[in-house]
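Below is structure.pdb, holding PDB, N, CA and C atoms.
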ATOM      1  N   MET S 232      12.396 178.025  40.607
ATOM      2  CA  MET S 232      11.676 179.197  41.080
ATOM      3  C   MET S 232      10.487 178.813  41.952
ATOM      4  N   ASP S 233      10.062 177.548  41.902
ATOM      5  CA  ASP S 233       8.882 177.163  42.666
ATOM      6  C   ASP S 233       9.206 176.284  43.878
ATOM      7  N   GLU S 234      10.466 176.354  44.382
ATOM      8  CA  GLU S 234      10.854 175.593  45.564
ATOM      9  C   GLU S 234      11.381 176.548  46.633
ATOM     10  N   ASP S 235      11.194 176.175  47.898
ATOM     11  CA  ASP S 235      11.856 176.958  48.933
ATOM     12  C   ASP S 235      13.324 176.521  48.984
ATOM     13  N   LEU S 236      14.145 177.244  49.744
ATOM     14  CA  LEU S 236      15.591 177.007  49.725
ATOM     15  C   LEU S 236      15.991 175.612  50.178
ATOM     16  N   VAL S 237      15.446 175.151  51.289
ATOM     17  CA  VAL S 237      15.862 173.845  51.805
ATOM     18  C   VAL S 237      15.426 172.716  50.867
ATOM     19  N   THR S 238      14.289 172.860  50.226
ATOM     20  CA  THR S 238      13.841 171.856  49.262
ATOM     21  C   THR S 238      14.775 171.831  48.054
ATOM     22  N   ALA S 239      15.154 173.009  47.572
ATOM     23  CA  ALA S 239      16.081 173.091  46.439
ATOM     24  C   ALA S 239      17.441 172.507  46.806
ATOM     25  N   CYS S 240      17.908 172.785  48.017
ATOM     26  CA  CYS S 240      19.191 172.250  48.467
ATOM     27  C   CYS S 240      19.143 170.724  48.542
ATOM     28  N   ALA S 241      18.088 170.180  49.118
ATOM     29  CA  ALA S 241      17.946 168.728  49.222
ATOM     30  C   ALA S 241      17.899 168.083  47.834
ATOM     31  N   ARG S 242      17.197 168.713  46.918
ATOM     32  CA  ARG S 242      17.118 168.192  45.550
ATOM     33  C   ARG S 242      18.485 168.206  44.891
ATOM     34  N   GLU S 243      19.205 169.326  45.008
ATOM     35  CA  GLU S 243      20.543 169.423  44.413
ATOM     36  C   GLU S 243      21.507 168.428  45.042
ATOM     37  N   LEU S 244      21.441 168.261  46.366
ATOM     38  CA  LEU S 244      22.306 167.301  47.044
ATOM     39  C   LEU S 244      22.082 165.905  46.484
ATOM     40  N   GLU S 245      20.824 165.526  46.327
ATOM     41  CA  GLU S 245      20.531 164.200  45.791
ATOM     42  C   GLU S 245      20.956 164.088  44.330
ATOM     43  N   GLU S 246      20.683 165.110  43.523
ATOM     44  CA  GLU S 246      21.058 165.064  42.105
ATOM     45  C   GLU S 246      22.561 164.971  41.919
ATOM     46  N   GLU S 247      23.336 165.699  42.730
ATOM     47  CA  GLU S 247      24.786 165.780  42.543
ATOM     48  C   GLU S 247      25.558 164.672  43.243
ATOM     49  N   THR S 248      24.989 164.088  44.325
ATOM     50  CA  THR S 248      25.748 163.120  45.126
ATOM     51  C   THR S 248      25.024 161.807  45.395
ATOM     52  N   GLY S 249      23.726 161.756  45.136
ATOM     53  CA  GLY S 249      22.945 160.575  45.468
ATOM     54  C   GLY S 249      22.532 160.513  46.932
ATOM     55  N   ILE S 250      22.930 161.497  47.732
ATOM     56  CA  ILE S 250      22.604 161.518  49.159
ATOM     57  C   ILE S 250      21.221 162.134  49.344
ATOM     58  N   CYS S 251      20.369 161.432  50.095
ATOM     59  CA  CYS S 251      19.029 161.955  50.327
ATOM     60  C   CYS S 251      18.565 161.583  51.733
ATOM     61  N   GLY S 252      17.506 162.216  52.154
ATOM     62  CA  GLY S 252      16.909 161.891  53.439
ATOM     63  C   GLY S 252      17.652 162.427  54.647
ATOM     64  N   VAL S 253      18.480 163.457  54.461
ATOM     65  CA  VAL S 253      19.197 164.044  55.601
ATOM     66  C   VAL S 253      18.526 165.354  56.001
ATOM     67  N   THR S 254      18.671 165.710  57.263
ATOM     68  CA  THR S 254      18.130 166.966  57.758
ATOM     69  C   THR S 254      19.130 168.073  57.450
ATOM     70  N   LEU S 255      18.695 169.089  56.750
ATOM     71  CA  LEU S 255      19.568 170.194  56.361
ATOM     72  C   LEU S 255      19.259 171.419  57.199
ATOM     73  N   GLU S 256      20.327 172.108  57.604
ATOM     74  CA  GLU S 256      20.185 173.356  58.349
ATOM     75  C   GLU S 256      20.941 174.449  57.610
ATOM     76  N   GLN S 257      20.361 175.639  57.568
ATOM     77  CA  GLN S 257      21.012 176.751  56.888
ATOM     78  C   GLN S 257      22.128 177.306  57.764
ATOM     79  N   PHE S 258      23.312 177.488  57.164
ATOM     80  CA  PHE S 258      24.453 178.054  57.871
ATOM     81  C   PHE S 258      24.536 179.554  57.634
ATOM     82  N   GLU S 259      24.713 179.961  56.396
ATOM     83  CA  GLU S 259      24.803 181.383  56.089
ATOM     84  C   GLU S 259      24.592 181.620  54.598
ATOM     85  N   THR S 260      24.414 182.873  54.268
ATOM     86  CA  THR S 260      24.332 183.301  52.878
ATOM     87  C   THR S 260      25.586 184.098  52.577
ATOM     88  N   VAL S 261      26.252 183.755  51.477
ATOM     89  CA  VAL S 261      27.464 184.474  51.087
ATOM     90  C   VAL S 261      27.237 185.110  49.730
ATOM     91  N   GLY S 262      27.745 186.315  49.573
ATOM     92  CA  GLY S 262      27.508 187.014  48.320
ATOM     93  C   GLY S 262      28.490 188.130  48.056
ATOM     94  N   SER S 263      29.744 187.968  48.494
ATOM     95  CA  SER S 263      30.750 188.986  48.204
ATOM     96  C   SER S 263      30.791 189.252  46.706
ATOM     97  N   ILE S 264      30.985 190.485  46.354
ATOM     98  CA  ILE S 264      30.871 190.909  44.952
ATOM     99  C   ILE S 264      31.798 190.130  44.023
ATOM    100  N   ASN S 265      33.044 189.903  44.404
ATOM    101  CA  ASN S 265      34.008 189.262  43.510
ATOM    102  C   ASN S 265      34.333 187.831  43.889
ATOM    103  N   ARG S 266      33.425 187.121  44.536
ATOM    104  CA  ARG S 266      33.725 185.771  44.996
ATOM    105  C   ARG S 266      33.810 184.753  43.863
ATOM    106  N   ASP S 267      33.180 185.017  42.750
ATOM    107  CA  ASP S 267      33.202 184.114  41.605
ATOM    108  C   ASP S 267      33.577 184.932  40.373
ATOM    109  N   PRO S 268      34.734 184.655  39.758
ATOM    110  CA  PRO S 268      35.166 185.452  38.605
ATOM    111  C   PRO S 268      34.255 185.339  37.386
ATOM    112  N   ARG S 269      33.351 184.371  37.388
ATOM    113  CA  ARG S 269      32.435 184.202  36.244
ATOM    114  C   ARG S 269      31.272 185.174  36.296
ATOM    115  N   GLY S 270      31.043 185.786  37.460
ATOM    116  CA  GLY S 270      29.927 186.709  37.593
ATOM    117  C   GLY S 270      29.380 186.700  39.003
ATOM    118  N   ARG S 271      28.465 187.596  39.281
ATOM    119  CA  ARG S 271      27.897 187.734  40.617
ATOM    120  C   ARG S 271      27.162 186.460  41.014
ATOM    121  N   THR S 272      27.539 185.906  42.169
ATOM    122  CA  THR S 272      26.937 184.679  42.659
ATOM    123  C   THR S 272      26.609 184.827  44.134
ATOM    124  N   VAL S 273      25.391 184.539  44.488
ATOM    125  CA  VAL S 273      24.969 184.504  45.884
ATOM    126  C   VAL S 273      24.654 183.044  46.211
ATOM    127  N   SER S 274      25.221 182.547  47.302
ATOM    128  CA  SER S 274      25.005 181.154  47.695
ATOM    129  C   SER S 274      24.431 181.080  49.097
ATOM    130  N   VAL S 275      23.490 180.173  49.278
ATOM    131  CA  VAL S 275      22.947 179.887  50.601
ATOM    132  C   VAL S 275      23.534 178.547  51.004
ATOM    133  N   VAL S 276      24.274 178.538  52.115
ATOM    134  CA  VAL S 276      25.036 177.367  52.541
ATOM    135  C   VAL S 276      24.239 176.579  53.578
ATOM    136  N   PHE S 277      24.069 175.289  53.323
ATOM    137  CA  PHE S 277      23.400 174.375  54.245
ATOM    138  C   PHE S 277      24.388 173.331  54.733
ATOM    139  N   TRP S 278      24.067 172.702  55.856
ATOM    140  CA  TRP S 278      24.901 171.638  56.398
ATOM    141  C   TRP S 278      24.007 170.589  57.031
ATOM    142  N   SER S 279      24.609 169.429  57.323
ATOM    143  CA  SER S 279      23.876 168.351  57.957
ATOM    144  C   SER S 279      24.829 167.558  58.840
ATOM    145  N   LYS S 280      24.326 167.099  59.962
ATOM    146  CA  LYS S 280      25.083 166.199  60.824
ATOM    147  C   LYS S 280      24.545 164.797  60.587
ATOM    148  N   MET S 281      25.450 163.870  60.270
ATOM    149  CA  MET S 281      25.051 162.493  59.974
ATOM    150  C   MET S 281      25.803 161.531  60.876
ATOM    151  N   GLU S 282      25.129 160.502  61.318
ATOM    152  CA  GLU S 282      25.772 159.477  62.144
ATOM    153  C   GLU S 282      26.754 158.647  61.326
ATOM    154  N   MET S 283      26.388 158.358  60.095
ATOM    155  CA  MET S 283      27.237 157.581  59.203
ATOM    156  C   MET S 283      27.333 158.320  57.871
ATOM    157  N   MET S 284      28.440 158.136  57.183
ATOM    158  CA  MET S 284      28.613 158.770  55.886
ATOM    159  C   MET S 284      28.033 157.868  54.803
ATOM    160  N   PRO S 285      26.952 158.299  54.185
ATOM    161  CA  PRO S 285      26.393 157.479  53.101
ATOM    162  C   PRO S 285      27.317 157.513  51.887
ATOM    163  N   GLU S 286      27.174 156.523  51.029
ATOM    164  CA  GLU S 286      27.956 156.508  49.805
ATOM    165  C   GLU S 286      27.562 157.708  48.953
ATOM    166  N   ALA S 287      28.555 158.379  48.407
ATOM    167  CA  ALA S 287      28.310 159.534  47.543
ATOM    168  C   ALA S 287      28.875 159.226  46.158
ATOM    169  N   PHE S 288      28.156 159.630  45.127
ATOM    170  CA  PHE S 288      28.638 159.435  43.764
ATOM    171  C   PHE S 288      28.226 160.626  42.917
ATOM    172  N   GLY S 289      29.041 160.950  41.947
ATOM    173  CA  GLY S 289      28.754 162.084  41.079
ATOM    174  C   GLY S 289      27.532 161.815  40.224
ATOM    175  N   GLY S 290      26.703 162.811  40.087
ATOM    176  CA  GLY S 290      25.510 162.691  39.264
ATOM    177  C   GLY S 290      25.199 164.033  38.628
ATOM    178  N   ASP S 291      24.249 164.070  37.757
ATOM    179  CA  ASP S 291      23.843 165.283  37.053
ATOM    180  C   ASP S 291      25.068 165.921  36.417
ATOM    181  N   ASP S 292      25.475 167.124  36.838
ATOM    182  CA  ASP S 292      26.651 167.752  36.226
ATOM    183  C   ASP S 292      27.902 167.637  37.088
ATOM    184  N   ALA S 293      27.863 166.820  38.148
ATOM    185  CA  ALA S 293      29.045 166.594  38.994
ATOM    186  C   ALA S 293      29.810 165.384  38.455
ATOM    187  N   ALA S 294      31.083 165.579  38.132
ATOM    188  CA  ALA S 294      31.893 164.479  37.605
ATOM    189  C   ALA S 294      32.090 163.394  38.658
ATOM    190  N   ARG S 295      32.221 163.810  39.929
ATOM    191  CA  ARG S 295      32.384 162.854  41.022
ATOM    192  C   ARG S 295      32.019 163.525  42.338
ATOM    193  N   ALA S 296      31.789 162.709  43.328
ATOM    194  CA  ALA S 296      31.516 163.194  44.680
ATOM    195  C   ALA S 296      32.261 162.268  45.633
ATOM    196  N   GLN S 297      32.931 162.842  46.623
ATOM    197  CA  GLN S 297      33.661 162.008  47.569
ATOM    198  C   GLN S 297      33.802 162.728  48.898
ATOM    199  N   TRP S 298      34.022 161.941  49.942
ATOM    200  CA  TRP S 298      34.223 162.468  51.287
ATOM    201  C   TRP S 298      35.697 162.782  51.505
ATOM    202  N   HIS S 299      35.974 163.792  52.354
ATOM    203  CA  HIS S 299      37.344 164.158  52.685
ATOM    204  C   HIS S 299      37.470 164.353  54.186
ATOM    205  N   CYS S 300      38.611 163.987  54.725
ATOM    206  CA  CYS S 300      38.913 164.229  56.131
ATOM    207  C   CYS S 300      39.061 165.740  56.341
ATOM    208  N   THR S 301      38.507 166.268  57.425
ATOM    209  CA  THR S 301      38.571 167.715  57.648
ATOM    210  C   THR S 301      40.002 168.211  57.841
ATOM    211  N   GLU S 302      40.910 167.326  58.233
ATOM    212  CA  GLU S 302      42.311 167.732  58.409
ATOM    213  C   GLU S 302      43.073 167.778  57.094
ATOM    214  N   LYS S 303      42.478 167.250  56.026
ATOM    215  CA  LYS S 303      43.182 167.172  54.742
ATOM    216  C   LYS S 303      42.202 167.463  53.600
ATOM    217  N   LEU S 304      41.730 168.701  53.557
ATOM    218  CA  LEU S 304      40.777 169.094  52.527
ATOM    219  C   LEU S 304      41.490 169.367  51.207
ATOM    220  N   PRO S 305      40.858 169.073  50.096
ATOM    221  CA  PRO S 305      41.475 169.343  48.797
ATOM    222  C   PRO S 305      41.394 170.827  48.450
ATOM    223  N   LEU S 306      42.045 171.209  47.376
ATOM    224  CA  LEU S 306      41.905 172.569  46.872
ATOM    225  C   LEU S 306      40.452 172.786  46.487
ATOM    226  N   MET S 307      39.955 173.986  46.739
ATOM    227  CA  MET S 307      38.561 174.290  46.432
ATOM    228  C   MET S 307      38.469 175.567  45.620
ATOM    229  N   ALA S 308      37.389 175.693  44.910
ATOM    230  CA  ALA S 308      37.161 176.873  44.079
ATOM    231  C   ALA S 308      36.712 178.057  44.922
ATOM    232  N   PHE S 309      37.026 179.219  44.406
ATOM    233  CA  PHE S 309      36.505 180.484  44.924
ATOM    234  C   PHE S 309      36.727 180.621  46.436
ATOM    235  N   ASP S 310      35.679 180.919  47.196
ATOM    236  CA  ASP S 310      35.800 181.146  48.636
ATOM    237  C   ASP S 310      35.291 179.964  49.472
ATOM    238  N   HIS S 311      35.228 178.790  48.867
ATOM    239  CA  HIS S 311      34.644 177.644  49.557
ATOM    240  C   HIS S 311      35.428 177.245  50.805
ATOM    241  N   LEU S 312      36.758 177.301  50.764
ATOM    242  CA  LEU S 312      37.550 176.967  51.957
ATOM    243  C   LEU S 312      37.288 177.980  53.071
ATOM    244  N   GLU S 313      37.143 179.239  52.745
ATOM    245  CA  GLU S 313      36.820 180.259  53.754
ATOM    246  C   GLU S 313      35.481 179.955  54.430
ATOM    247  N   ILE S 314      34.513 179.551  53.655
ATOM    248  CA  ILE S 314      33.191 179.233  54.201
ATOM    249  C   ILE S 314      33.290 178.040  55.146
ATOM    250  N   ILE S 315      33.986 176.991  54.724
ATOM    251  CA  ILE S 315      34.136 175.800  55.565
ATOM    252  C   ILE S 315      34.918 176.126  56.830
ATOM    253  N   THR S 316      35.987 176.917  56.703
ATOM    254  CA  THR S 316      36.780 177.312  57.875
ATOM    255  C   THR S 316      35.924 178.092  58.872
ATOM    256  N   LYS S 317      35.110 178.999  58.386
ATOM    257  CA  LYS S 317      34.219 179.764  59.260
ATOM    258  C   LYS S 317      33.240 178.833  59.974
ATOM    259  N   PHE S 318      32.694 177.872  59.256
ATOM    260  CA  PHE S 318      31.780 176.909  59.866
ATOM    261  C   PHE S 318      32.486 176.141  60.979
ATOM    262  N   PHE S 319      33.689 175.645  60.698
ATOM    263  CA  PHE S 319      34.452 174.904  61.707
ATOM    264  C   PHE S 319      34.696 175.763  62.943
ATOM    265  N   GLU S 320      35.082 177.007  62.749
ATOM    266  CA  GLU S 320      35.363 177.901  63.878
ATOM    267  C   GLU S 320      34.109 178.157  64.709
ATOM    268  N   LEU S 321      32.994 178.409  64.071
ATOM    269  CA  LEU S 321      31.749 178.679  64.798
ATOM    270  C   LEU S 321      31.205 177.450  65.518
ATOM    271  N   HIS S 322      31.493 176.291  65.006
ATOM    272  CA  HIS S 322      31.004 175.043  65.614
ATOM    273  C   HIS S 322      32.104 174.320  66.396
ATOM    274  N   GLU S 323      33.237 174.985  66.565
ATOM    275  CA  GLU S 323      34.371 174.458  67.323
ATOM    276  C   GLU S 323      34.748 173.052  66.879
ATOM    277  N   ILE S 324      34.939 172.923  65.571
ATOM    278  CA  ILE S 324      35.362 171.655  64.969
ATOM    279  C   ILE S 324      36.808 171.834  64.549
ATOM    280  N   ALA S 325      37.664 170.893  64.947
ATOM    281  CA  ALA S 325      39.069 170.953  64.542
ATOM    282  C   ALA S 325      39.171 170.623  63.063
ATOM    283  N   HIS S 326      40.096 171.278  62.403
ATOM    284  CA  HIS S 326      40.360 170.968  60.995
ATOM    285  C   HIS S 326      41.814 171.146  60.685
TER     286      HIS S 326
END
Show me, as structure tokens, the structure contained in the file I just sent.
Amino acid sequence: MDEDLVTACARELEEETGICGVTLEQFETVGSINRDPRGRTVSVVFWSKMEMMPEAFGGDDAARAQWHCTEKLPLMAFDHLEIITKFFELHEIAH
């Protein structure tokens, strides 16, 4: 409750993946009523452009963290693939 959004995102990124020191930019806020069957969830989506992919490892409550090729994304929960697809389309990234 005492952090701004980008600070909270950077903290969570480091806690869950070990990745730190990257510049984060806000992409969008998603909050469709039924996007998460567990209850109402509003998410603020951030992204970062990196020259190199740092090593990622699961931490805190993440069992693991790993990189994926945009052409071969794994199954994702809820509306996460829709969010990533929208990002790719707006930034003209092939996937």
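You can rank S:Val275, S:Phe318, S:Phe309, S:Trp298 by their closest distance to S:Leu236 using all atoms listed in the file, and at the top of that list sits S:Val275.
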Sphere at (37.3, 181.5, 44.6), radius 8 Å, counting only C-alpha atoms: residues as a ChimeraX atom specification: /S:266-268,307-311
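Counting all atoms listed in the file, the residue from S:Val273, S:Ile250, S:Leu255, S:Cys240 that sits nearest to S:Ala287 is S:Ile250.
Minimum atom-to-atom distance to S:Glu259, evaluated using all atoms listed in the file, belongs to S:Val276 out of S:Val276, S:Cys300, S:Leu244, S:Leu312.
Among the residues of chain S, backbone DSSP assigns alpha helix (DSSP H) to Leu236, Val237, Thr238, Ala239, Cys240, Ala241, Arg242, Glu243, Leu244, Glu245, Glu246, Glu247, Thr248, His311, Leu312, Glu313, Ile314, Ile315, Thr316, Lys317, Phe318, Phe319, Glu320 and Leu321 of chain S.
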Gap from atom CA of S:Gly290 to atom CA of S:Gly249 - Å, one decimal: 7.0 Å
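Interatomic distance, atom CA of S:Thr238 to atom CA of S:Arg269: 25.8 Å.
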Please enclose the listed atoms of stretch 307-325 of chain S in an axis-aligned box, pad each side by 8 Å, and write out the centre and the three edge lengths in Å, rounded to one decimal, as AutoDock Vina command-line options.
--center_x 35.5 --center_y 175.9 --center_z 55.7 --size_x 25.0 --size_y 26.5 --size_z 39.2
